[in-house]
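Okay, so here's the structure we're looking at.
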Amino acid sequence: MLRVSDLHAKVEEQEILKGVDLEVKAGEVHAVMGPNGSGKSTLAQVLAGKEDYEITAGSLELDGEDLQEMAPEERAHAGLFLAFQYPVEIPGVGNSYFLKAAVNANRKARGESELDAMDFLKLLRERATLVDVDEALLRRPVNDGFSGGEKKRNEILQMAVLEPRLAVLDETDSGLDIDALKTVAAGVNALRAENRAFVVITHYQRLLNYIVPDHVHVLLDGRIVRSGGSELAHELEEKGYGGFDGARAEA
Amino acid sequence: MPTATDTIEALTERDYEYGFVTDVEQDTAPPGLSEEIIAFISAKKNEPQWLLDWRLQAYRGWLKMAEPTWANVRYEPVDYQSICYYAAPKSDDDRPKSLDEIDPEILATYEKLGIPLKEQEMLAGVAVDAVFDSVSVATTFREKLAELGVIFCSFSEAVQDHPELVRKYLGTVVPRRDNFFAALNSAVFSDGSFVYIPKGVRCPMELSTYFRINAMNTGQFERTLIIADEGSYVSYLEGCTAPMRDENQLHAAVVELVAHEDAQIKYSTVQNWYPGDKEGVGGIYNFVTKRGLCEGRRSKISWTQVETGSAVTWKYPSCILRGDDSVGEFYSVAVSNNRQQADTGTKMIHVGKRTSSTIISKGISAGEGQNTYRGSVRILRSAEDARNFSQCDSMLIGDRCGAHTFPYIDVANPTAQMEHEASTSKIGEDQIFYCNQRGIDTEDAVSMIVNGFCKEVFRELPMEFAVEAQKLLEVSLEGSVG
Ligand SMILES: Nc1ncnc2c1ncn2[C@@H]1O[C@H](COP(=O)(O)OP(=O)(O)O)[C@@H](O)[C@H]1O
Ligand SMILES: [Mg+2]
């Protein structure tokens with residue numbers, strides 16, 4: 001589904017990604033772990049098409065299509081979803097209004113008929129229950145005045161409503177207490193499906209107790225220095241990222 | 001007691017009763033401004049002597065005034081002697097017969113705004129019998145109002161049919177020599193609206209200039225007077241969202257509102273004058289004086305405006321809060337795109353006890369647009385326990401535009417409670433990217449973000465007007481990010 005090959009990207013003349021390879025197949029959950037500043041968010045933003053980052057080498061493909069040829073909204077229409085590490089506030093725009101606009105923009109782009117207010121509300125309610133989001137949150141402006149935890153849950157709600165093919169979750173777990181973490185994980189698990197894949201970016205191993213990944217990758221200084229199964233996360237938990245310095249030196 | 005000067009002025013004025021040379025049979029006055037021309041206008045309209053005198057007084061005041069330069073706007077100087085101050089309304093023969101004769105570009109905008117065909121015809125000035133349906137709507141509408149004793153007519157009609165009311169109130173809120181543009185308007189005003197709501201009547205419908213087809217072409221010097229008698233209520237809508245083109249570049253309107261005890265006036269404007277092309281050529285200069293007097297106790301006046309047009313806007317709807325416990329409100333959205341310049345805001349003058357005012361201003365600048373908020377809140381000595389809340393937010397789209405805020409506060413009574421909030425935000429690339437990532441394209445994202453920004457103002461507008469205003473904002477900002 002997703003194929004990232006030898007990806008190099010820079011921001012403000014500084015190279016951040018220094019040759020990343022990643023292949024994600026339908027139905028899989030991949031975890032990307034790494035310390036602060038290793039380039040995790042950069043990878044996520046580059047996938048979503050943020051302009052600030054310049055791709056200097058390598059390629060990005062979603063279902064065989066070159067992502068670099070697509071505008072950010074076209075990538076969304078193709079089924080790519082990014083849960084932001086720092087969700088953006090849009091004052092005055094109702095959360096459910098925003099979601100309806102998003103759902104219908106996607107449906108329109110895919111040649112499907114737009115949902116009317118009733119059908120949308122039904123979908124929204126159902127998904128809000130699935131990911132355990134309070135209805136009051138739907139009436140408030142997008143992320144405006146939300147607590148850290150509410151913002152993260154809102155990202156998961158949006159994901160549940162938009163039903164992406166590939167969801168990239170950028171540190172959705174950070175800043176959450178254990179209960180919130182469990183709800184977020186439960187939401188993700190409820191959406192796991194054969195035709196859907198996840199890339200879960202995290203700093204801590206904690207989340208991976210609840211979302212068990214098929215593959216784990218360690219990102220250090222813009223490179224994936226090691227890949228393995230879910231046991232790799234536990235190894236990291238014990239050794240810390242320091243243990244991978246050697247690997248970085250070799251890479 | 002009339003002073004000696006008054007008497008002399010009155011005597012000299014009398015000469016003009018017969019003194020003019022311009023032929024009254026003519027349909028248009030020659031360009032230029034003089035006492036003669038003013039007398040010609042007044043005679044054309046069959047006005048009483050006192051009104052002619054009033055106009056002449058204004059004119060003499062105007063001659064001694066200088067055009068204000070303090071506003072943060074720049075424009076070519078206006079040659080007041082090259083303007084034609086009177087033109088008879090166009091007869092049906094001169095009007096377009098159907099929409100086929102209208103500039104396709106204007107029609108395209110009507111389409112974008114979703115304006116129904118009949119209304120398009122009306123707006124484009126198609127001959128009246130071609131829009132017969134709308135006329136009959138207007139007639140039933142008027143009959144209903146008459147039953148309640150509500151007077152809603154053109155200013156010229158009011159001068160003929162209700163001279164005592166016009167004479168009693170004209171110039172009581174905006175004195176004829178109030179400022180350069182108001183004085184000019186007072187001297188030469190063409191036409192406008194007149195509204196009187198009798199005691200205790202709640203006007204059952206929104207009064208809109210829109211329904212007075214015959215007064216659509218009120219010319220460049222519009223005059224409006226609205227009086228709400230004790231305990232009455234009226235909501236008045238001015239303008240429309242369709243782009244208004246006009247051969248006259250300069251517009252200097254005056255609006256006066258008077259609210260008596262327990263009366264409420266809600267005045268909403270959605271204005272979309274032609275802003276000029278991308279270089280700003282040919283746009284309208286809009287210099288307006290709007291002021292409301294909360295005369296009685298517990299009276300209330302609310303101004304809500306959405307300004308997207310004009311090349312240059314100079315406009316400060318204000319409230320004089322004279323009655324104890326009276327309330328003034330100002331809600332404004334002003335957009336300047338391309339080369340547009342807007343200098344707008346409000347004045348709240350607190351005179352009575354426990355008077356309160358609210359100011360919510362949202363300025364949006366895009367392209368090379370310059371948007372200035374200029375507001376003044378004055379709490380006089382007499383205004384015990386007055387309150388004001390002001391909030392001025394600016395939004396910048398792109399980095400060639402500008403936002404400026406000049407709040408003036410003058411408090412002469414220490415019991416006043418003042419609150420002021422201000423913010424400037426750049427429409428975030430992050431916000432747009434976030435919307436894009438959810439599948440929403442940039443154009444839709446911008447209009448969504450901007451509408452969110454203006455929400456507090458839009459919710460003050462009557463429902464249908466609010467919907468139109470949102471669409472209008474979309475159209476005005478089209479292509480501003482990109
Ligand atoms: N927009 C940006 N401008 C400048 N530097 C950036 C920008 N985005 C990321 N960086 C830099 O790139 C490096 C990687 O950042 P990031 O991808 O956010 O790491 P992570 O998400 O793994 O913590 C950091 O050194 C960070 O300072
Ligand atoms: Mg990060």
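Following the order of the structure tokens, chains are lettered A, B, ..., residues in each are numbered from 1, and ligands are numbered from 1.
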Requested in this report: Within 7 Å of ligand 1, which residues show up when you count only C-alpha atoms and all ligand atoms? List them as a PyMOL selection string, please.
Outcome: chain A and resi 11-12+16+34-43+52
Include N, CA and C atoms and write out the residues we just selected as a compact mmCIF listing (two decimals), in the first residue's frame.
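part_2.txt was written with the following content:
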```
# COMPACT_ATOMS: atom_id res chain seq x y z
N VAL A 11 14.57 20.71 5.49
CA VAL A 11 13.80 21.89 5.82
C VAL A 11 14.80 22.98 6.14
N GLU A 12 14.57 24.14 5.58
CA GLU A 12 15.48 25.27 5.78
C GLU A 12 16.95 24.85 5.66
N ILE A 16 16.89 16.47 7.17
CA ILE A 16 16.30 15.82 8.33
C ILE A 16 16.13 14.32 8.08
N GLY A 34 11.29 6.49 18.02
CA GLY A 34 12.56 7.22 17.97
C GLY A 34 12.53 8.36 18.95
N PRO A 35 13.73 8.81 19.34
CA PRO A 35 13.80 9.91 20.31
C PRO A 35 13.36 11.23 19.68
N ASN A 36 13.18 12.23 20.52
CA ASN A 36 12.82 13.56 20.03
C ASN A 36 13.82 14.06 19.01
N GLY A 37 13.30 14.66 17.97
CA GLY A 37 14.18 15.27 16.98
C GLY A 37 14.75 14.30 15.96
N SER A 38 14.30 13.02 15.99
CA SER A 38 14.88 12.06 15.07
C SER A 38 14.27 12.16 13.67
N GLY A 39 13.15 12.89 13.55
CA GLY A 39 12.56 13.07 12.22
C GLY A 39 11.21 12.39 12.04
N LYS A 40 10.60 11.94 13.12
CA LYS A 40 9.32 11.21 13.03
C LYS A 40 8.22 12.10 12.45
N SER A 41 8.08 13.29 13.02
CA SER A 41 7.02 14.19 12.52
C SER A 41 7.32 14.64 11.10
N THR A 42 8.61 14.82 10.82
CA THR A 42 8.97 15.20 9.46
C THR A 42 8.49 14.14 8.47
N LEU A 43 8.71 12.90 8.80
CA LEU A 43 8.25 11.81 7.94
C LEU A 43 6.73 11.89 7.75
N ASP A 52 6.55 22.95 3.53
CA ASP A 52 7.82 23.40 4.11
C ASP A 52 8.98 22.42 3.88
```
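Close contacts of A:Asn195, defined as residues with an atom at most 7 Å away when counting only C-alpha atoms, with chain neighbours fewer than 2 positions off set aside, comprise Ala26, Gly27, Arg165, Ala193 and Ala197 of chain A.
The protein and nucleic acid residues lying at most 12 Å from A:Tyr97 are Ile90, Val103, Asn104, Asp116, Ala117, Phe120, Leu121, Leu124, Leu137, Leu138, Arg139, Arg140, Pro141, Val142 and Gln158 of chain A; Met448, Ile449, Asn451 and Gly452 of chain B, with only C-alpha atoms considered and sequence neighbours fewer than 6 positions away removed.
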Write out as a PDB file with N, CA, C and O atoms, in the first residue's frame which residues come within 9 Å of A:Leu67 when counting only C-alpha atoms, dropping same-chain ones fewer than 6 positions away.
```
ATOM      1  N   LEU A  47       4.754  12.789   4.231  1.00  0.00           N
ATOM      2  CA  LEU A  47       3.744  11.889   3.658  1.00  0.00           C
ATOM      3  C   LEU A  47       2.466  12.655   3.326  1.00  0.00           C
ATOM      4  O   LEU A  47       1.842  12.446   2.295  1.00  0.00           O
ATOM      5  N   ALA A  48       2.081  13.579   4.225  1.00  0.00           N
ATOM      6  CA  ALA A  48       0.822  14.312   4.040  1.00  0.00           C
ATOM      7  C   ALA A  48       0.964  15.463   3.049  1.00  0.00           C
ATOM      8  O   ALA A  48      -0.033  16.032   2.622  1.00  0.00           O
ATOM      9  N   GLY A  49       2.223  15.821   2.700  1.00  0.00           N
ATOM     10  CA  GLY A  49       2.416  16.835   1.666  1.00  0.00           C
ATOM     11  C   GLY A  49       2.609  18.250   2.151  1.00  0.00           C
ATOM     12  O   GLY A  49       2.317  19.205   1.435  1.00  0.00           O
ATOM     13  N   SER A  59      11.545   8.287  -3.210  1.00  0.00           N
ATOM     14  CA  SER A  59      10.178   8.295  -3.729  1.00  0.00           C
ATOM     15  C   SER A  59       9.175   7.868  -2.669  1.00  0.00           C
ATOM     16  O   SER A  59       9.519   7.230  -1.674  1.00  0.00           O
ATOM     17  N   LEU A  60       7.915   8.263  -2.927  1.00  0.00           N
ATOM     18  CA  LEU A  60       6.790   7.975  -2.026  1.00  0.00           C
ATOM     19  C   LEU A  60       5.642   7.484  -2.884  1.00  0.00           C
ATOM     20  O   LEU A  60       5.215   8.193  -3.794  1.00  0.00           O
ATOM     21  N   GLU A  61       5.134   6.305  -2.588  1.00  0.00           N
ATOM     22  CA  GLU A  61       4.007   5.818  -3.385  1.00  0.00           C
ATOM     23  C   GLU A  61       2.889   5.311  -2.496  1.00  0.00           C
ATOM     24  O   GLU A  61       3.124   4.638  -1.503  1.00  0.00           O
ATOM     25  N   GLU A  74      -5.549  15.943  -2.283  1.00  0.00           N
ATOM     26  CA  GLU A  74      -5.687  14.765  -3.152  1.00  0.00           C
ATOM     27  C   GLU A  74      -5.192  13.508  -2.445  1.00  0.00           C
ATOM     28  O   GLU A  74      -5.730  12.424  -2.620  1.00  0.00           O
ATOM     29  N   ARG A  75      -4.170  13.682  -1.629  1.00  0.00           N
ATOM     30  CA  ARG A  75      -3.675  12.541  -0.849  1.00  0.00           C
ATOM     31  C   ARG A  75      -4.756  12.090   0.135  1.00  0.00           C
ATOM     32  O   ARG A  75      -4.966  10.898   0.344  1.00  0.00           O
TER      33      ARG A  75
END
```
Report task. Identify all chain B residues at most 12 Å from chain A by counting only C-alpha atoms; ligands do not count. Present them as number ranges by chain. Result -> B: 425, 427-459
Query raised in the report: Near B:Met65, counting only C-alpha atoms, which residues have an atom at most 10 Å away, once you skip same-chain residues fewer than 5 positions from it, shown as a list in words?
Result: Tyr59, Arg60, Arg177, Asn179, Phe180, Phe181, Ala183 and Leu184 of chain B
Emit the selected residues as a CSV table (one decimal), in the first residue's frame, including N, CA, C and O atoms.
```csv
chain,number,residue,atom,x,y,z
B,59,TYR,N,-24.4,73.9,3.0
B,59,TYR,CA,-23.4,74.2,1.9
B,59,TYR,C,-22.4,75.3,2.4
B,59,TYR,O,-21.2,75.2,2.2
B,60,ARG,N,-23.0,76.3,3.0
B,60,ARG,CA,-22.1,77.4,3.5
B,60,ARG,C,-21.1,76.9,4.5
B,60,ARG,O,-19.9,77.4,4.5
B,177,ARG,N,-23.5,70.4,9.7
B,177,ARG,CA,-22.1,70.8,9.5
B,177,ARG,C,-21.2,69.9,10.4
B,177,ARG,O,-20.1,70.2,10.8
B,179,ASN,N,-19.4,67.2,9.7
B,179,ASN,CA,-18.1,66.9,9.1
B,179,ASN,C,-18.2,67.2,7.6
B,179,ASN,O,-19.3,67.4,7.1
B,180,PHE,N,-17.1,67.2,6.9
B,180,PHE,CA,-17.0,67.6,5.5
B,180,PHE,C,-18.0,66.8,4.6
B,180,PHE,O,-18.7,67.4,3.9
B,181,PHE,N,-18.0,65.5,4.8
B,181,PHE,CA,-18.9,64.7,3.9
B,181,PHE,C,-20.3,64.8,4.3
B,181,PHE,O,-21.2,64.8,3.4
B,183,ALA,N,-21.7,67.5,5.6
B,183,ALA,CA,-22.1,68.8,5.2
B,183,ALA,C,-22.4,68.7,3.7
B,183,ALA,O,-23.5,69.3,3.2
B,184,LEU,N,-21.6,68.1,2.9
B,184,LEU,CA,-21.8,68.0,1.5
B,184,LEU,C,-23.1,67.2,1.3
B,184,LEU,O,-24.0,67.7,0.5
```
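When only C-alpha atoms and all ligand atoms are used to compute distances to ligand 2, the closest of the residues A:Glu135, A:Ala44, A:Gly242, A:Val216 turns out to be A:Ala44.
Here atom CA of A:Ala186 and atom CA of A:Arg153 stand 11.2 Å from one another.
Restricting the calculation to only C-alpha atoms and all ligand atoms, the smallest distance between ligand 2 and any of A:Ala233, A:Ala160, A:Ile201, A:Leu191 is found for A:Ile201.
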**Report entry** Nearest to A:Ile211 by atom-to-atom distance, counting only C-alpha atoms, from A:Asp134, A:Glu13, A:Asp173, A:Glu155
**Finding:** A:Asp173
**Report entry** Residue list (strand (DSSP E or B), DSSP) for stretch 21-193 of chain A, as a ChimeraX atom specification
**Finding:** /A:21-24,29-33,54-62,65-66,80-83,90-94,141-142,166-170
Expected file contents, prior selection, C-alpha atoms, as a compact mmCIF listing (two decimals), in the first residue's frame:
```
# COMPACT_ATOMS: atom_id res chain seq x y z
CA ASP A 21 12.79 2.99 3.48
CA LEU A 22 9.40 1.79 4.63
CA GLU A 23 6.91 -0.62 3.16
CA VAL A 24 3.43 -0.99 4.62
CA VAL A 29 0.15 -1.91 11.78
CA HIS A 30 3.64 -0.44 11.80
CA ALA A 31 5.15 1.39 14.72
CA VAL A 32 7.87 3.99 14.14
CA MET A 33 9.79 4.77 17.30
CA GLU A 54 11.65 19.63 0.36
CA ILE A 55 12.17 16.15 -0.91
CA THR A 56 15.68 15.98 -2.31
CA ALA A 57 15.82 12.30 -3.23
CA GLY A 58 13.82 9.09 -3.09
CA SER A 59 10.18 8.29 -3.73
CA LEU A 60 6.79 7.98 -2.03
CA GLU A 61 4.01 5.82 -3.39
CA LEU A 62 0.49 5.11 -2.20
CA GLU A 65 0.59 6.38 -7.23
CA ASP A 66 3.36 8.92 -6.80
CA LEU A 80 -4.31 9.09 3.56
CA PHE A 81 -5.03 10.42 7.03
CA LEU A 82 -2.65 12.08 9.45
CA ALA A 83 -3.44 12.47 13.13
CA ILE A 90 -9.84 26.77 13.97
CA PRO A 91 -11.80 29.27 16.07
CA GLY A 92 -15.44 29.80 15.21
CA VAL A 93 -15.74 26.71 13.02
CA GLY A 94 -17.89 24.04 14.60
CA PRO A 141 -15.09 24.94 17.56
CA VAL A 142 -12.39 22.72 16.06
CA LEU A 166 -3.79 4.55 5.56
CA ALA A 167 -3.72 6.35 8.89
CA VAL A 168 -0.53 7.89 10.22
CA LEU A 169 -0.74 8.69 13.94
CA ASP A 170 1.93 11.12 15.09
```
Report task. Just list the residues in stretch 26-245 of chain A DSSP gives alpha helix (DSSP H) on the backbone, as number ranges by chain. Result -> A: 40-48, 72-77, 95-109, 117-130, 135-139, 148-162, 178-191, 231-239, 245
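Reported to one decimal place, the separation of atom CA of B:Leu63 from atom CA of B:Glu35 is 10.9 Å.
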B:Gly323: which residues within 8 Å, counting only C-alpha atoms, same-chain residues fewer than 5 positions away excluded, as a PDB file with all heavy atoms, in the first residue's frame?
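Just written: part-v9.pdb:
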```
ATOM      1  N   GLU B 261     -37.561  56.209  24.350  1.00  0.00           N
ATOM      2  CA  GLU B 261     -37.577  55.340  25.519  1.00  0.00           C
ATOM      3  C   GLU B 261     -38.012  53.910  25.175  1.00  0.00           C
ATOM      4  O   GLU B 261     -39.004  53.701  24.475  1.00  0.00           O
ATOM      5  CB  GLU B 261     -38.538  55.937  26.559  1.00  0.00           C
ATOM      6  CG  GLU B 261     -38.336  55.355  27.944  1.00  0.00           C
ATOM      7  CD  GLU B 261     -39.026  56.223  28.999  1.00  0.00           C
ATOM      8  OE1 GLU B 261     -38.628  57.392  29.139  1.00  0.00           O
ATOM      9  OE2 GLU B 261     -39.955  55.732  29.652  1.00  0.00           O
ATOM     10  N   CYS B 294     -29.472  57.247  21.108  1.00  0.00           N
ATOM     11  CA  CYS B 294     -30.319  56.567  22.078  1.00  0.00           C
ATOM     12  C   CYS B 294     -30.862  57.662  22.977  1.00  0.00           C
ATOM     13  O   CYS B 294     -30.257  58.035  23.980  1.00  0.00           O
ATOM     14  CB  CYS B 294     -29.529  55.536  22.884  1.00  0.00           C
ATOM     15  SG  CYS B 294     -29.233  54.023  21.978  1.00  0.00           S
ATOM     16  N   GLU B 295     -31.984  58.210  22.570  1.00  0.00           N
ATOM     17  CA  GLU B 295     -32.540  59.399  23.195  1.00  0.00           C
ATOM     18  C   GLU B 295     -33.204  59.049  24.523  1.00  0.00           C
ATOM     19  O   GLU B 295     -33.008  59.720  25.535  1.00  0.00           O
ATOM     20  CB  GLU B 295     -33.533  60.018  22.191  1.00  0.00           C
ATOM     21  CG  GLU B 295     -34.613  60.876  22.747  1.00  0.00           C
ATOM     22  CD  GLU B 295     -34.068  62.188  23.256  1.00  0.00           C
ATOM     23  OE1 GLU B 295     -33.083  62.685  22.672  1.00  0.00           O
ATOM     24  OE2 GLU B 295     -34.619  62.687  24.243  1.00  0.00           O
ATOM     25  N   GLY B 296     -33.988  57.968  24.498  1.00  0.00           N
ATOM     26  CA  GLY B 296     -34.770  57.649  25.686  1.00  0.00           C
ATOM     27  C   GLY B 296     -34.094  56.629  26.592  1.00  0.00           C
ATOM     28  O   GLY B 296     -33.106  55.994  26.223  1.00  0.00           O
ATOM     29  N   ARG B 297     -34.666  56.493  27.787  1.00  0.00           N
ATOM     30  CA  ARG B 297     -34.125  55.516  28.719  1.00  0.00           C
ATOM     31  C   ARG B 297     -34.329  54.109  28.166  1.00  0.00           C
ATOM     32  O   ARG B 297     -35.311  53.825  27.484  1.00  0.00           O
ATOM     33  CB  ARG B 297     -34.821  55.661  30.070  1.00  0.00           C
ATOM     34  CG  ARG B 297     -34.375  56.945  30.796  1.00  0.00           C
ATOM     35  CD  ARG B 297     -34.922  57.002  32.183  1.00  0.00           C
ATOM     36  NE  ARG B 297     -36.373  57.123  32.152  1.00  0.00           N
ATOM     37  CZ  ARG B 297     -37.153  56.855  33.175  1.00  0.00           C
ATOM     38  NH1 ARG B 297     -36.629  56.421  34.317  1.00  0.00           N
ATOM     39  NH2 ARG B 297     -38.457  57.005  33.085  1.00  0.00           N
ATOM     40  N   ARG B 298     -33.384  53.254  28.484  1.00  0.00           N
ATOM     41  CA  ARG B 298     -33.422  51.849  28.071  1.00  0.00           C
ATOM     42  C   ARG B 298     -33.581  51.653  26.565  1.00  0.00           C
ATOM     43  O   ARG B 298     -34.062  50.638  26.120  1.00  0.00           O
ATOM     44  CB  ARG B 298     -34.538  51.092  28.811  1.00  0.00           C
ATOM     45  CG  ARG B 298     -34.326  50.988  30.318  1.00  0.00           C
ATOM     46  CD  ARG B 298     -35.521  50.355  30.998  1.00  0.00           C
ATOM     47  NE  ARG B 298     -36.743  51.085  30.737  1.00  0.00           N
ATOM     48  CZ  ARG B 298     -37.146  52.161  31.456  1.00  0.00           C
ATOM     49  NH1 ARG B 298     -36.426  52.570  32.471  1.00  0.00           N
ATOM     50  NH2 ARG B 298     -38.266  52.777  31.152  1.00  0.00           N
ATOM     51  N   SER B 299     -33.206  52.614  25.793  1.00  0.00           N
ATOM     52  CA  SER B 299     -33.270  52.422  24.340  1.00  0.00           C
ATOM     53  C   SER B 299     -32.008  51.686  23.898  1.00  0.00           C
ATOM     54  O   SER B 299     -31.022  51.614  24.636  1.00  0.00           O
ATOM     55  CB  SER B 299     -33.386  53.768  23.635  1.00  0.00           C
ATOM     56  OG  SER B 299     -32.333  54.618  24.035  1.00  0.00           O
ATOM     57  N   VAL B 351     -23.351  59.196  27.683  1.00  0.00           N
ATOM     58  CA  VAL B 351     -23.803  60.401  28.364  1.00  0.00           C
ATOM     59  C   VAL B 351     -24.624  60.019  29.598  1.00  0.00           C
ATOM     60  O   VAL B 351     -24.409  60.525  30.692  1.00  0.00           O
ATOM     61  CB  VAL B 351     -24.669  61.280  27.422  1.00  0.00           C
ATOM     62  CG1 VAL B 351     -25.017  62.602  28.105  1.00  0.00           C
ATOM     63  CG2 VAL B 351     -23.953  61.523  26.096  1.00  0.00           C
ATOM     64  N   GLY B 352     -25.579  59.096  29.404  1.00  0.00           N
ATOM     65  CA  GLY B 352     -26.494  58.718  30.478  1.00  0.00           C
ATOM     66  C   GLY B 352     -25.872  57.737  31.468  1.00  0.00           C
ATOM     67  O   GLY B 352     -24.818  57.154  31.231  1.00  0.00           O
ATOM     68  N   LYS B 353     -26.579  57.567  32.586  1.00  0.00           N
ATOM     69  CA  LYS B 353     -26.116  56.648  33.623  1.00  0.00           C
ATOM     70  C   LYS B 353     -26.317  55.195  33.189  1.00  0.00           C
ATOM     71  O   LYS B 353     -27.273  54.877  32.490  1.00  0.00           O
ATOM     72  CB  LYS B 353     -26.912  56.889  34.906  1.00  0.00           C
ATOM     73  CG  LYS B 353     -26.755  58.285  35.484  1.00  0.00           C
ATOM     74  CD  LYS B 353     -27.385  58.331  36.880  1.00  0.00           C
ATOM     75  CE  LYS B 353     -27.236  59.694  37.510  1.00  0.00           C
ATOM     76  NZ  LYS B 353     -28.063  60.733  36.824  1.00  0.00           N
ATOM     77  N   THR B 355     -25.085  53.403  31.081  1.00  0.00           N
ATOM     78  CA  THR B 355     -25.131  53.099  29.652  1.00  0.00           C
ATOM     79  C   THR B 355     -24.064  52.055  29.347  1.00  0.00           C
ATOM     80  O   THR B 355     -23.018  52.021  29.991  1.00  0.00           O
ATOM     81  CB  THR B 355     -24.855  54.367  28.832  1.00  0.00           C
ATOM     82  OG1 THR B 355     -23.738  55.050  29.411  1.00  0.00           O
ATOM     83  CG2 THR B 355     -26.058  55.301  28.864  1.00  0.00           C
TER      84      THR B 355
END
```
With only C-alpha atoms as the counted atoms, please give the residues lying no more than 8 Å from A:Gln205, apart from itself and same-chain residues fewer than 5 positions off, as a compact mmCIF listing (two decimals) with N, CA and C atoms, in the first residue's frame.
```txt
# COMPACT_ATOMS: atom_id res chain seq x y z
N ALA A 233 9.98 -3.46 20.39
CA ALA A 233 9.52 -2.37 21.26
C ALA A 233 9.94 -2.64 22.70
N HIS A 234 9.85 -3.89 23.12
CA HIS A 234 10.22 -4.24 24.50
C HIS A 234 11.72 -4.10 24.71
N LEU A 236 13.57 -1.98 23.22
CA LEU A 236 13.80 -0.55 23.35
C LEU A 236 13.50 -0.07 24.75
N GLU A 237 12.40 -0.59 25.28
CA GLU A 237 11.96 -0.22 26.62
C GLU A 237 13.08 -0.50 27.62
```
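Here atom CA of B:Val258 is placed at a distance of 4.8 Å from atom CA of B:Ile227.
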